[in-house]
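**Q** Got a structure here, written out as structure tokens. Questions coming.
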Amino acid sequence: MPTETFEFQVEARQLLQMMIHSIYSNKDVFLRELVSNASDALDKLRLEALRDDSLDADVSDLHITIETDRQARTLTVRDNGIGMSHDEVVQLIGTIANSGTAKFLRELKEAEDSTAAEGLIGQFGVGFYSSFMVADEVTLLTRRAGESRGTRWVSGGEGTYTIETVDSAPQGTEVTLRLKAEDTEDRLYDYTSPWKIREIVKRYSDFITWPVRMAPEGAGDEDGADDAPREPETLNSMKALWARSREEVTDDEYHELYKHISHDWIAPLETIRLQAEGTFEYQALLFIPSHAPQDLFMQGYKRGIQLYVKRVFIMDDCEALMPPYLRFVKGVVDAQDLSLNVSREILQQDRQIQLMHRRLAKKVLSTVKDMMSSEPERYATFWREFGRVVKEGLLSDFENRDAILNVASFATTHDKDEPTTLRQYVERMKDGQEHIFYLTGESRQAIENSPHMEAFRAKGVEVLLLTDPVDEVWVEADAEFDGRKLRSVAKGEVDLGTEEEKKEAATERENRQQEYADLLGWMTERLGETVKEVRLSSRLTVSPACIVSDAHDVTPALENMYRAMGQEVPHVKRILELNAEHPLVSGLNRAYADRGEETGTGLEETAELLHDLALLAEGGELADPSRFVRLMADRLERTL
């Protein structure tokens, strides 16, 4: 088959130019990425061989080889793993089929320092392209296990690449870099030198499961003398970190394993070790990242727990090991008694997997709780990055609901800058306060300016300010903490203060109710298509009116959320509350009392405007905005 020449996509060309012009201060990461890709290929071949007995592939000595040639200025990374077919080369290497590439390029340009820029390589899955930081030509030769013909891909990174089918190619993948001239002149970046290769592999890839060997013909010291051993030199220890004692492993080694698993350059926020012994033995090494990944809330996000059985890699993104609301946790779980042929379907039903799932979730939550008390700054980082996703567990993991609430924190009226835990809220509750009060909304500013907050502000009662979309849902499920129910300040009746103050308020409200009874009855009938009731308010001190829901009604925001998901829900009429102390409301009551036998349009329009003003004050949408504008314009004209 003849050689075909293709052009890179526009975004791929932009990315290559950035790589070629060396925006990274540490070029060593290219070798880390190539070795990591090779390791993944070996993992996939081992798994494929276990699943498919008919696969014609040699798995007797799976390994990675690094070979250098000082005179030719080349470096080759070779593996005998799964390899790629012609179509896979076109799809995975020739193009960047990643919807996040544009975002990656933008963040790359905006990165504040070189360390942040380096971290973006693996995060966006473009590690192979980092080869162009040090090479002016890259050749990839590959043959997929079980196939007879191979594929060669070649590019100088200048906008085009070639692909051809070859009759003879070893199983696996071989990447050869023709190094730039400056890379051999600077000893720091002399990637043909054995000591440099040893240094990089030891730093980044010592934990790789497979042997990383340096071919003897590529050896040579920094002065060019031949110090090559007669046999290939194995550069990494290959000892799994989770199988070593805590005393044997350094933080740097943990961090390098995390980077290998997650492709995240930044060190993890927390490392968690767990060893279960007894009838079912397994080891777990988990990591909480320092920042949320870009695609955490995107459909198809892959969870990062790798499953091993007796040190044999089984699955890269084992969803059954960690609940969805902890999907950001990365790590490794190595079990002793599972079948090597375990499938995803079996995992969902396996009792041992379910036990691991439960214990791992509890361990992560207990670690966060310890972090909250002992390292508040680290906890603050955790909750800022992952709090929104963790709260999803309040809807799905009822077994751990209390544990989740114990590690949650929320914005509050108590402090404008620092969030509060529910435990702290309860400790600050006023005498006579029975509930934990909250209000949901699109932003802190919108909530703080809501009419529903007026009485709570006047009496100094703390309110949680919930602005995440998930908050609209979980608080509706009869949420409670420490025996106290969470209650919306926009629902039901409001009784604040001591018992004596509540009795006085009830007596005054009853007297007022009698005074306004006729007006309230008429407005309820007049606005009957829009509201279920008009009543006097105990939550307003400044605004003339507000709209509230009954204690167990679905909120408008939740209605809209369900409809956006394609679920039909009936519209729920709400309650219009009036502030009897407001001049507009007291004036309307007098005008209604002095009316003739029939109410005029002025009273009807005022009642309508009161409702619409209350709806706008909470951020709602008017059914007929043009009519509201016309009525308001007429009223303003009369005041001139």
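Here, A, B, ... name the chains of the structure tokens in the order displayed, residue numbers run from 1 inside each chain, and ligands are numbered from 1 in the same displayed order.
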For region 333-423 of chain A against region 453-461 of chain A, with a cut-off of 12 Å and counting only C-alpha atoms, what is the closest atom pair and its distance in Å to one decimal for every residue that makes the cut, ordered by chain and number, as a Markdown table?
**A**
```
| residue | atom | partner | partner_atom | distance |
| --- | --- | --- | --- | --- |
| A:Thr412 | CA | A:Val461 | CA | 10.6 |
| A:Thr413 | CA | A:Val461 | CA | 8.5 |
| A:His414 | CA | A:Val461 | CA | 8.7 |
```
**Q** Go ahead and write the selection's residues with C-alpha atoms as a short mmCIF file (atom, residue, chain, number, x, y, z; two decimals), in the first residue's frame.
**A**
```
data_model
loop_
_atom_site.label_atom_id
_atom_site.label_comp_id
_atom_site.auth_asym_id
_atom_site.auth_seq_id
_atom_site.Cartn_x
_atom_site.Cartn_y
_atom_site.Cartn_z
CA THR A 412 -24.02 31.28 55.43
CA THR A 413 -25.25 34.66 56.61
CA HIS A 414 -23.01 34.27 59.69
#
```
**Q** Using the chain letters and numbers from this document, which residues of region 239-319 of chain A does DSSP assign to helix (DSSP H, G or I), as a list in words?
**A**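 Written out, the helix (DSSP H, G or I) residues of region 239-319 of chain A are Leu241, Trp242, Ala243, Arg246, Glu247, Glu248, Asp251, Asp252, Glu253, Tyr254, His255, Glu256, Leu257, Tyr258, Lys259, His260, Ile261, Ser262 and Glu319 of chain A.
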**Q** Generate the output file for the selected residues, N, CA and C atoms, as a short mmCIF file (atom, residue, chain, number, x, y, z; two decimals), in the first residue's frame.
**A**
```
data_model
loop_
_atom_site.label_atom_id
_atom_site.label_comp_id
_atom_site.auth_asym_id
_atom_site.auth_seq_id
_atom_site.Cartn_x
_atom_site.Cartn_y
_atom_site.Cartn_z
N LEU A 241 3.69 -0.08 44.96
CA LEU A 241 3.76 0.73 46.18
C LEU A 241 2.80 0.24 47.24
N TRP A 242 1.61 -0.20 46.81
CA TRP A 242 0.61 -0.62 47.79
C TRP A 242 1.00 -1.93 48.48
N ALA A 243 2.00 -2.63 47.92
CA ALA A 243 2.45 -3.89 48.54
C ALA A 243 3.62 -3.65 49.49
N ARG A 246 4.44 1.21 54.79
CA ARG A 246 4.39 2.67 54.78
C ARG A 246 5.78 3.28 54.94
N GLU A 247 6.61 2.62 55.75
CA GLU A 247 7.94 3.17 56.01
C GLU A 247 8.84 3.11 54.78
N GLU A 248 8.54 2.20 53.85
CA GLU A 248 9.39 2.02 52.68
C GLU A 248 9.10 3.03 51.57
N ASP A 251 6.82 10.17 50.09
CA ASP A 251 5.73 10.97 49.51
C ASP A 251 5.95 11.17 48.02
N ASP A 252 7.19 11.36 47.62
CA ASP A 252 7.48 11.55 46.20
C ASP A 252 7.06 10.33 45.38
N GLU A 253 7.28 9.13 45.93
CA GLU A 253 6.89 7.92 45.21
C GLU A 253 5.37 7.82 45.09
N TYR A 254 4.66 8.17 46.18
CA TYR A 254 3.20 8.20 46.10
C TYR A 254 2.74 9.17 45.02
N HIS A 255 3.36 10.33 45.01
CA HIS A 255 2.95 11.37 44.07
C HIS A 255 3.20 10.94 42.63
N GLU A 256 4.31 10.25 42.39
CA GLU A 256 4.59 9.80 41.03
C GLU A 256 3.61 8.73 40.59
N LEU A 257 3.21 7.84 41.50
CA LEU A 257 2.18 6.85 41.15
C LEU A 257 0.87 7.55 40.82
N TYR A 258 0.52 8.54 41.64
CA TYR A 258 -0.71 9.30 41.37
C TYR A 258 -0.66 9.95 39.99
N LYS A 259 0.48 10.55 39.66
CA LYS A 259 0.60 11.21 38.36
C LYS A 259 0.48 10.21 37.22
N HIS A 260 1.03 9.02 37.42
CA HIS A 260 0.93 7.98 36.40
C HIS A 260 -0.51 7.54 36.19
N ILE A 261 -1.24 7.40 37.29
CA ILE A 261 -2.63 6.94 37.21
C ILE A 261 -3.54 8.01 36.65
N SER A 262 -3.35 9.23 37.10
CA SER A 262 -4.30 10.30 36.81
C SER A 262 -3.89 11.20 35.64
N GLU A 319 -15.94 1.14 37.78
CA GLU A 319 -16.99 1.96 38.36
C GLU A 319 -17.60 1.33 39.61
#
```
**Q** List as an MDAnalysis selection string the protein and nucleic acid residues near Arg149 (chain A), meaning an atom at most 10 Å away when only C-alpha atoms are counted, but skip any in the same chain fewer than 4 places from it.
**A** chainID A and resid 85:86 142:145 165:171
**Q** Go ahead and write the residues just picked, N, CA and C atoms, as a PDB file, in the first residue's frame.
**A**
```
ATOM      1  N   SER A  85      -4.043  -0.997  15.352  1.00  0.00           N
ATOM      2  CA  SER A  85      -4.381  -1.274  13.960  1.00  0.00           C
ATOM      3  C   SER A  85      -4.206   0.004  13.145  1.00  0.00           C
ATOM      4  N   HIS A  86      -4.323  -0.127  11.839  1.00  0.00           N
ATOM      5  CA  HIS A  86      -4.213   1.047  10.961  1.00  0.00           C
ATOM      6  C   HIS A  86      -5.265   2.090  11.315  1.00  0.00           C
ATOM      7  N   THR A 142       3.897   0.192  14.510  1.00  0.00           N
ATOM      8  CA  THR A 142       3.049  -0.583  15.416  1.00  0.00           C
ATOM      9  C   THR A 142       2.344  -1.722  14.675  1.00  0.00           C
ATOM     10  N   ARG A 143       2.091  -2.800  15.407  1.00  0.00           N
ATOM     11  CA  ARG A 143       1.263  -3.907  14.901  1.00  0.00           C
ATOM     12  C   ARG A 143       0.384  -4.400  16.030  1.00  0.00           C
ATOM     13  N   ARG A 144      -0.900  -4.450  15.771  1.00  0.00           N
ATOM     14  CA  ARG A 144      -1.828  -4.909  16.793  1.00  0.00           C
ATOM     15  C   ARG A 144      -1.704  -6.411  16.992  1.00  0.00           C
ATOM     16  N   ALA A 145      -1.743  -6.856  18.247  1.00  0.00           N
ATOM     17  CA  ALA A 145      -1.660  -8.287  18.562  1.00  0.00           C
ATOM     18  C   ALA A 145      -2.761  -9.044  17.834  1.00  0.00           C
ATOM     19  N   THR A 165       1.077   1.182   5.369  1.00  0.00           N
ATOM     20  CA  THR A 165       0.979  -0.183   5.877  1.00  0.00           C
ATOM     21  C   THR A 165       2.264  -0.924   5.546  1.00  0.00           C
ATOM     22  N   VAL A 166       2.801  -1.668   6.544  1.00  0.00           N
ATOM     23  CA  VAL A 166       4.056  -2.407   6.346  1.00  0.00           C
ATOM     24  C   VAL A 166       3.794  -3.887   6.580  1.00  0.00           C
ATOM     25  N   ASP A 167       4.513  -4.707   5.806  1.00  0.00           N
ATOM     26  CA  ASP A 167       4.309  -6.154   5.904  1.00  0.00           C
ATOM     27  C   ASP A 167       4.972  -6.749   7.131  1.00  0.00           C
ATOM     28  N   SER A 168       6.049  -6.133   7.567  1.00  0.00           N
ATOM     29  CA  SER A 168       6.803  -6.704   8.684  1.00  0.00           C
ATOM     30  C   SER A 168       6.931  -5.678   9.801  1.00  0.00           C
ATOM     31  N   ALA A 169       6.391  -6.025  10.966  1.00  0.00           N
ATOM     32  CA  ALA A 169       6.502  -5.167  12.154  1.00  0.00           C
ATOM     33  C   ALA A 169       6.334  -6.038  13.378  1.00  0.00           C
ATOM     34  N   PRO A 170       7.126  -5.803  14.417  1.00  0.00           N
ATOM     35  CA  PRO A 170       6.974  -6.600  15.641  1.00  0.00           C
ATOM     36  C   PRO A 170       5.662  -6.270  16.347  1.00  0.00           C
ATOM     37  N   GLN A 171       5.181  -7.211  17.127  1.00  0.00           N
ATOM     38  CA  GLN A 171       3.976  -6.970  17.930  1.00  0.00           C
ATOM     39  C   GLN A 171       4.236  -5.827  18.909  1.00  0.00           C
TER      40      GLN A 171
END
```
**Q** Taking only C-alpha atoms into account, produce a table as a Markdown table in which each residue of region 458-518 of chain A with an atom at most 12 Å from an atom of region 558-572 of chain A appears once, together with its shortest atom pair and the distance in Å to one decimal, ordered by chain and rising number.
**A**
```
| residue | atom | partner | partner_atom | distance |
| --- | --- | --- | --- | --- |
| A:Pro469 | CA | A:Met561 | CA | 8.7 |
| A:Val470 | CA | A:Leu558 | CA | 9.7 |
| A:Asp471 | CA | A:Leu558 | CA | 9.8 |
| A:Glu472 | CA | A:Leu558 | CA | 6.1 |
| A:Val473 | CA | A:Leu558 | CA | 6.9 |
| A:Trp474 | CA | A:Leu558 | CA | 10.6 |
| A:Val475 | CA | A:Leu558 | CA | 10.8 |
| A:Glu476 | CA | A:Leu558 | CA | 9.3 |
```
**Q** Applying 12 Å and only C-alpha atoms, which residues near Ala380 (chain A) remain after dropping the ones on its own chain fewer than 4 positions away? List them as a ChimeraX atom specification.
**A** /A:269,290-291,368-369,371-376,384-387,407-410,417-421
**Q** Mind dumping the selected residues with N, CA and C atoms as a PDB file, in the first residue's frame?
**A**
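File selection_14.pdb, as written:
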```pdb
ATOM      1  N   LEU A 269      -3.963  15.953  46.895  1.00  0.00           N
ATOM      2  CA  LEU A 269      -4.254  16.624  48.159  1.00  0.00           C
ATOM      3  C   LEU A 269      -4.092  15.664  49.333  1.00  0.00           C
ATOM      4  N   SER A 290      -5.844  17.467  44.028  1.00  0.00           N
ATOM      5  CA  SER A 290      -5.808  18.825  44.566  1.00  0.00           C
ATOM      6  C   SER A 290      -6.773  19.751  43.847  1.00  0.00           C
ATOM      7  N   HIS A 291      -7.257  19.317  42.690  1.00  0.00           N
ATOM      8  CA  HIS A 291      -8.169  20.163  41.922  1.00  0.00           C
ATOM      9  C   HIS A 291      -9.118  19.283  41.125  1.00  0.00           C
ATOM     10  N   VAL A 368     -11.779  12.619  54.939  1.00  0.00           N
ATOM     11  CA  VAL A 368     -12.157  14.024  54.771  1.00  0.00           C
ATOM     12  C   VAL A 368     -12.570  14.620  56.115  1.00  0.00           C
ATOM     13  N   LYS A 369     -13.265  13.843  56.937  1.00  0.00           N
ATOM     14  CA  LYS A 369     -13.672  14.335  58.247  1.00  0.00           C
ATOM     15  C   LYS A 369     -12.457  14.616  59.125  1.00  0.00           C
ATOM     16  N   MET A 371      -9.516  15.373  58.006  1.00  0.00           N
ATOM     17  CA  MET A 371      -8.888  16.541  57.399  1.00  0.00           C
ATOM     18  C   MET A 371      -9.581  17.829  57.865  1.00  0.00           C
ATOM     19  N   MET A 372     -10.899  17.768  58.012  1.00  0.00           N
ATOM     20  CA  MET A 372     -11.677  18.929  58.431  1.00  0.00           C
ATOM     21  C   MET A 372     -11.235  19.435  59.800  1.00  0.00           C
ATOM     22  N   SER A 373     -10.955  18.505  60.703  1.00  0.00           N
ATOM     23  CA  SER A 373     -10.594  18.912  62.061  1.00  0.00           C
ATOM     24  C   SER A 373      -9.114  19.190  62.236  1.00  0.00           C
ATOM     25  N   SER A 374      -8.264  18.462  61.527  1.00  0.00           N
ATOM     26  CA  SER A 374      -6.822  18.590  61.745  1.00  0.00           C
ATOM     27  C   SER A 374      -6.127  19.510  60.744  1.00  0.00           C
ATOM     28  N   GLU A 375      -6.666  19.618  59.528  1.00  0.00           N
ATOM     29  CA  GLU A 375      -6.046  20.446  58.492  1.00  0.00           C
ATOM     30  C   GLU A 375      -7.119  21.252  57.773  1.00  0.00           C
ATOM     31  N   PRO A 376      -7.664  22.263  58.428  1.00  0.00           N
ATOM     32  CA  PRO A 376      -8.797  23.002  57.867  1.00  0.00           C
ATOM     33  C   PRO A 376      -8.521  23.650  56.522  1.00  0.00           C
ATOM     34  N   ARG A 384     -13.990  23.158  48.269  1.00  0.00           N
ATOM     35  CA  ARG A 384     -14.122  24.121  47.166  1.00  0.00           C
ATOM     36  C   ARG A 384     -14.081  23.402  45.821  1.00  0.00           C
ATOM     37  N   GLU A 385     -13.228  22.394  45.695  1.00  0.00           N
ATOM     38  CA  GLU A 385     -13.071  21.689  44.427  1.00  0.00           C
ATOM     39  C   GLU A 385     -14.118  20.603  44.212  1.00  0.00           C
ATOM     40  N   PHE A 386     -14.526  19.911  45.289  1.00  0.00           N
ATOM     41  CA  PHE A 386     -15.341  18.714  45.111  1.00  0.00           C
ATOM     42  C   PHE A 386     -16.658  18.711  45.884  1.00  0.00           C
ATOM     43  N   GLY A 387     -16.940  19.775  46.634  1.00  0.00           N
ATOM     44  CA  GLY A 387     -18.153  19.787  47.435  1.00  0.00           C
ATOM     45  C   GLY A 387     -19.414  19.595  46.622  1.00  0.00           C
ATOM     46  N   VAL A 407     -19.310  16.114  56.694  1.00  0.00           N
ATOM     47  CA  VAL A 407     -18.124  16.685  56.052  1.00  0.00           C
ATOM     48  C   VAL A 407     -18.487  17.834  55.113  1.00  0.00           C
ATOM     49  N   ALA A 408     -19.768  18.192  55.066  1.00  0.00           N
ATOM     50  CA  ALA A 408     -20.213  19.257  54.170  1.00  0.00           C
ATOM     51  C   ALA A 408     -20.075  20.620  54.837  1.00  0.00           C
ATOM     52  N   SER A 409     -19.885  21.641  54.023  1.00  0.00           N
ATOM     53  CA  SER A 409     -19.910  23.012  54.528  1.00  0.00           C
ATOM     54  C   SER A 409     -20.637  23.892  53.521  1.00  0.00           C
ATOM     55  N   PHE A 410     -21.196  24.992  54.030  1.00  0.00           N
ATOM     56  CA  PHE A 410     -22.091  25.808  53.215  1.00  0.00           C
ATOM     57  C   PHE A 410     -21.837  27.290  53.471  1.00  0.00           C
ATOM     58  N   ASP A 417     -17.244  35.381  54.269  1.00  0.00           N
ATOM     59  CA  ASP A 417     -16.068  34.806  53.627  1.00  0.00           C
ATOM     60  C   ASP A 417     -15.882  33.317  53.899  1.00  0.00           C
ATOM     61  N   GLU A 418     -16.221  32.875  55.107  1.00  0.00           N
ATOM     62  CA  GLU A 418     -15.953  31.493  55.489  1.00  0.00           C
ATOM     63  C   GLU A 418     -17.233  30.658  55.500  1.00  0.00           C
ATOM     64  N   PRO A 419     -17.242  29.496  54.827  1.00  0.00           N
ATOM     65  CA  PRO A 419     -18.403  28.610  54.923  1.00  0.00           C
ATOM     66  C   PRO A 419     -18.496  27.989  56.311  1.00  0.00           C
ATOM     67  N   THR A 420     -19.636  27.381  56.593  1.00  0.00           N
ATOM     68  CA  THR A 420     -19.845  26.784  57.916  1.00  0.00           C
ATOM     69  C   THR A 420     -20.259  25.330  57.771  1.00  0.00           C
ATOM     70  N   THR A 421     -19.928  24.529  58.765  1.00  0.00           N
ATOM     71  CA  THR A 421     -20.419  23.158  58.807  1.00  0.00           C
ATOM     72  C   THR A 421     -21.760  23.152  59.532  1.00  0.00           C
TER      73      THR A 421
END
```
**Q** Please measure the separation of CA of Asn406 (chain A) and CA of Arg444 (chain A), giving the value in Å to one decimal.
**A**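 Computing the Euclidean distance for CA of Asn406 (chain A) and CA of Arg444 (chain A) yields 22.4 Å.
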**Q** Determine, counting only C-alpha atoms, which protein, DNA and RNA residues have an atom within 12 Å of an atom of Ala72 (chain A); residues of the same chain fewer than 3 positions away are not included. Present the result as a PyMOL selection string.
**A** chain A and resi 67-69+75-76+176-181+184+192+218
**Q** Next, dump the selected residues to file, keeping only C-alpha atoms, as a CSV table (one decimal), in the first residue's frame.
**A**
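The resulting file, result_34.csv, is reproduced below:
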```
chain,number,residue,atom,x,y,z
A,67,GLU,CA,17.2,2.4,23.1
A,68,THR,CA,19.5,5.4,22.3
A,69,ASP,CA,21.9,6.1,19.4
A,75,LEU,CA,15.8,7.7,21.1
A,76,THR,CA,13.4,4.7,20.8
A,176,THR,CA,11.5,6.6,17.5
A,177,LEU,CA,12.5,10.2,18.1
A,178,ARG,CA,15.1,12.0,16.0
A,179,LEU,CA,16.3,14.4,18.6
A,180,LYS,CA,16.9,18.0,18.0
A,181,ALA,CA,20.5,19.1,17.9
A,184,THR,CA,22.6,16.6,22.8
A,192,THR,CA,21.1,9.8,24.4
A,218,GLY,CA,22.2,2.5,23.5
```
**Q** So how many Å separate CA of Ser39 (chain A) and CA of Met238 (chain A), to one decimal?
**A**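 It comes out at 11.5 Å.
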**Q** Which residue gives the smallest distance to Ala517 (chain A) among A:Val463, A:Ala580, A:Val489, A:Val309, with only C-alpha atoms counted?
**A**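 Checking each candidate against Ala517 (chain A), we get A:Ala580 as the closest.
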**Q** When distances are computed from only C-alpha atoms, which of A:Met214, A:Leu640, A:Leu141, A:Val534 shows the smallest separation from Leu610 (chain A)?
**A** A:Val534
**Q** So what do you get for CA of Val175 (chain A) versus CA of Gly331 (chain A), distance-wise?
**A**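 Distance reported for this atom pair: 27.9 Å.
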**Q** Contacts of Lys302 (chain A) at 12 Å or less, counting only C-alpha atoms, minus same-chain residues fewer than 3 places along, as a PyMOL selection string?
**A** chain A and resi 262+293-299+305-306+315-320+322+324+326-330
**Q** Measuring atom to atom with only C-alpha atoms, identify which of A:Gly432, A:Pro583, A:Pro211, A:Gly304 is nearest to Glu501 (chain A).
**A**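 That would be A:Gly432, the residue with the smallest distance to Glu501 (chain A).
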**Q** Excluding region 26-29 of chain A and any residue of its chain fewer than 4 positions from it, enumerate the residues within 7 Å of it, using only C-alpha atoms, and give them as a PyMOL selection string.
**A** chain A and resi 33+133+200
**Q** Only all heavy atoms, please: the residues just picked out, written as a PDB file, in the first residue's frame.
**A**
```pdb
ATOM      1  N   GLU A  33       5.682  10.246  29.618  1.00  0.00           N
ATOM      2  CA  GLU A  33       4.442   9.991  28.889  1.00  0.00           C
ATOM      3  C   GLU A  33       4.565   8.791  27.963  1.00  0.00           C
ATOM      4  O   GLU A  33       3.653   7.971  27.859  1.00  0.00           O
ATOM      5  CB  GLU A  33       4.044  11.236  28.093  1.00  0.00           C
ATOM      6  CG  GLU A  33       3.687  12.435  28.952  1.00  0.00           C
ATOM      7  CD  GLU A  33       2.483  12.177  29.834  1.00  0.00           C
ATOM      8  OE1 GLU A  33       1.528  11.523  29.365  1.00  0.00           O
ATOM      9  OE2 GLU A  33       2.495  12.603  30.997  1.00  0.00           O
ATOM     10  N   MET A 133       8.610  18.198  21.744  1.00  0.00           N
ATOM     11  CA  MET A 133       9.415  19.157  22.506  1.00  0.00           C
ATOM     12  C   MET A 133      10.897  18.906  22.282  1.00  0.00           C
ATOM     13  O   MET A 133      11.707  19.834  22.327  1.00  0.00           O
ATOM     14  CB  MET A 133       9.110  19.045  24.008  1.00  0.00           C
ATOM     15  CG  MET A 133       7.747  19.551  24.418  1.00  0.00           C
ATOM     16  SD  MET A 133       7.608  19.687  26.216  1.00  0.00           S
ATOM     17  CE  MET A 133       7.775  17.972  26.725  1.00  0.00           C
ATOM     18  N   ILE A 200      15.456   9.715  34.696  1.00  0.00           N
ATOM     19  CA  ILE A 200      14.044   9.983  34.375  1.00  0.00           C
ATOM     20  C   ILE A 200      13.176   8.798  34.750  1.00  0.00           C
ATOM     21  O   ILE A 200      12.112   8.952  35.362  1.00  0.00           O
ATOM     22  CB  ILE A 200      13.891  10.320  32.883  1.00  0.00           C
ATOM     23  CG1 ILE A 200      14.649  11.605  32.549  1.00  0.00           C
ATOM     24  CG2 ILE A 200      12.410  10.469  32.519  1.00  0.00           C
ATOM     25  CD1 ILE A 200      14.678  11.932  31.067  1.00  0.00           C
TER      26      ILE A 200
END
```
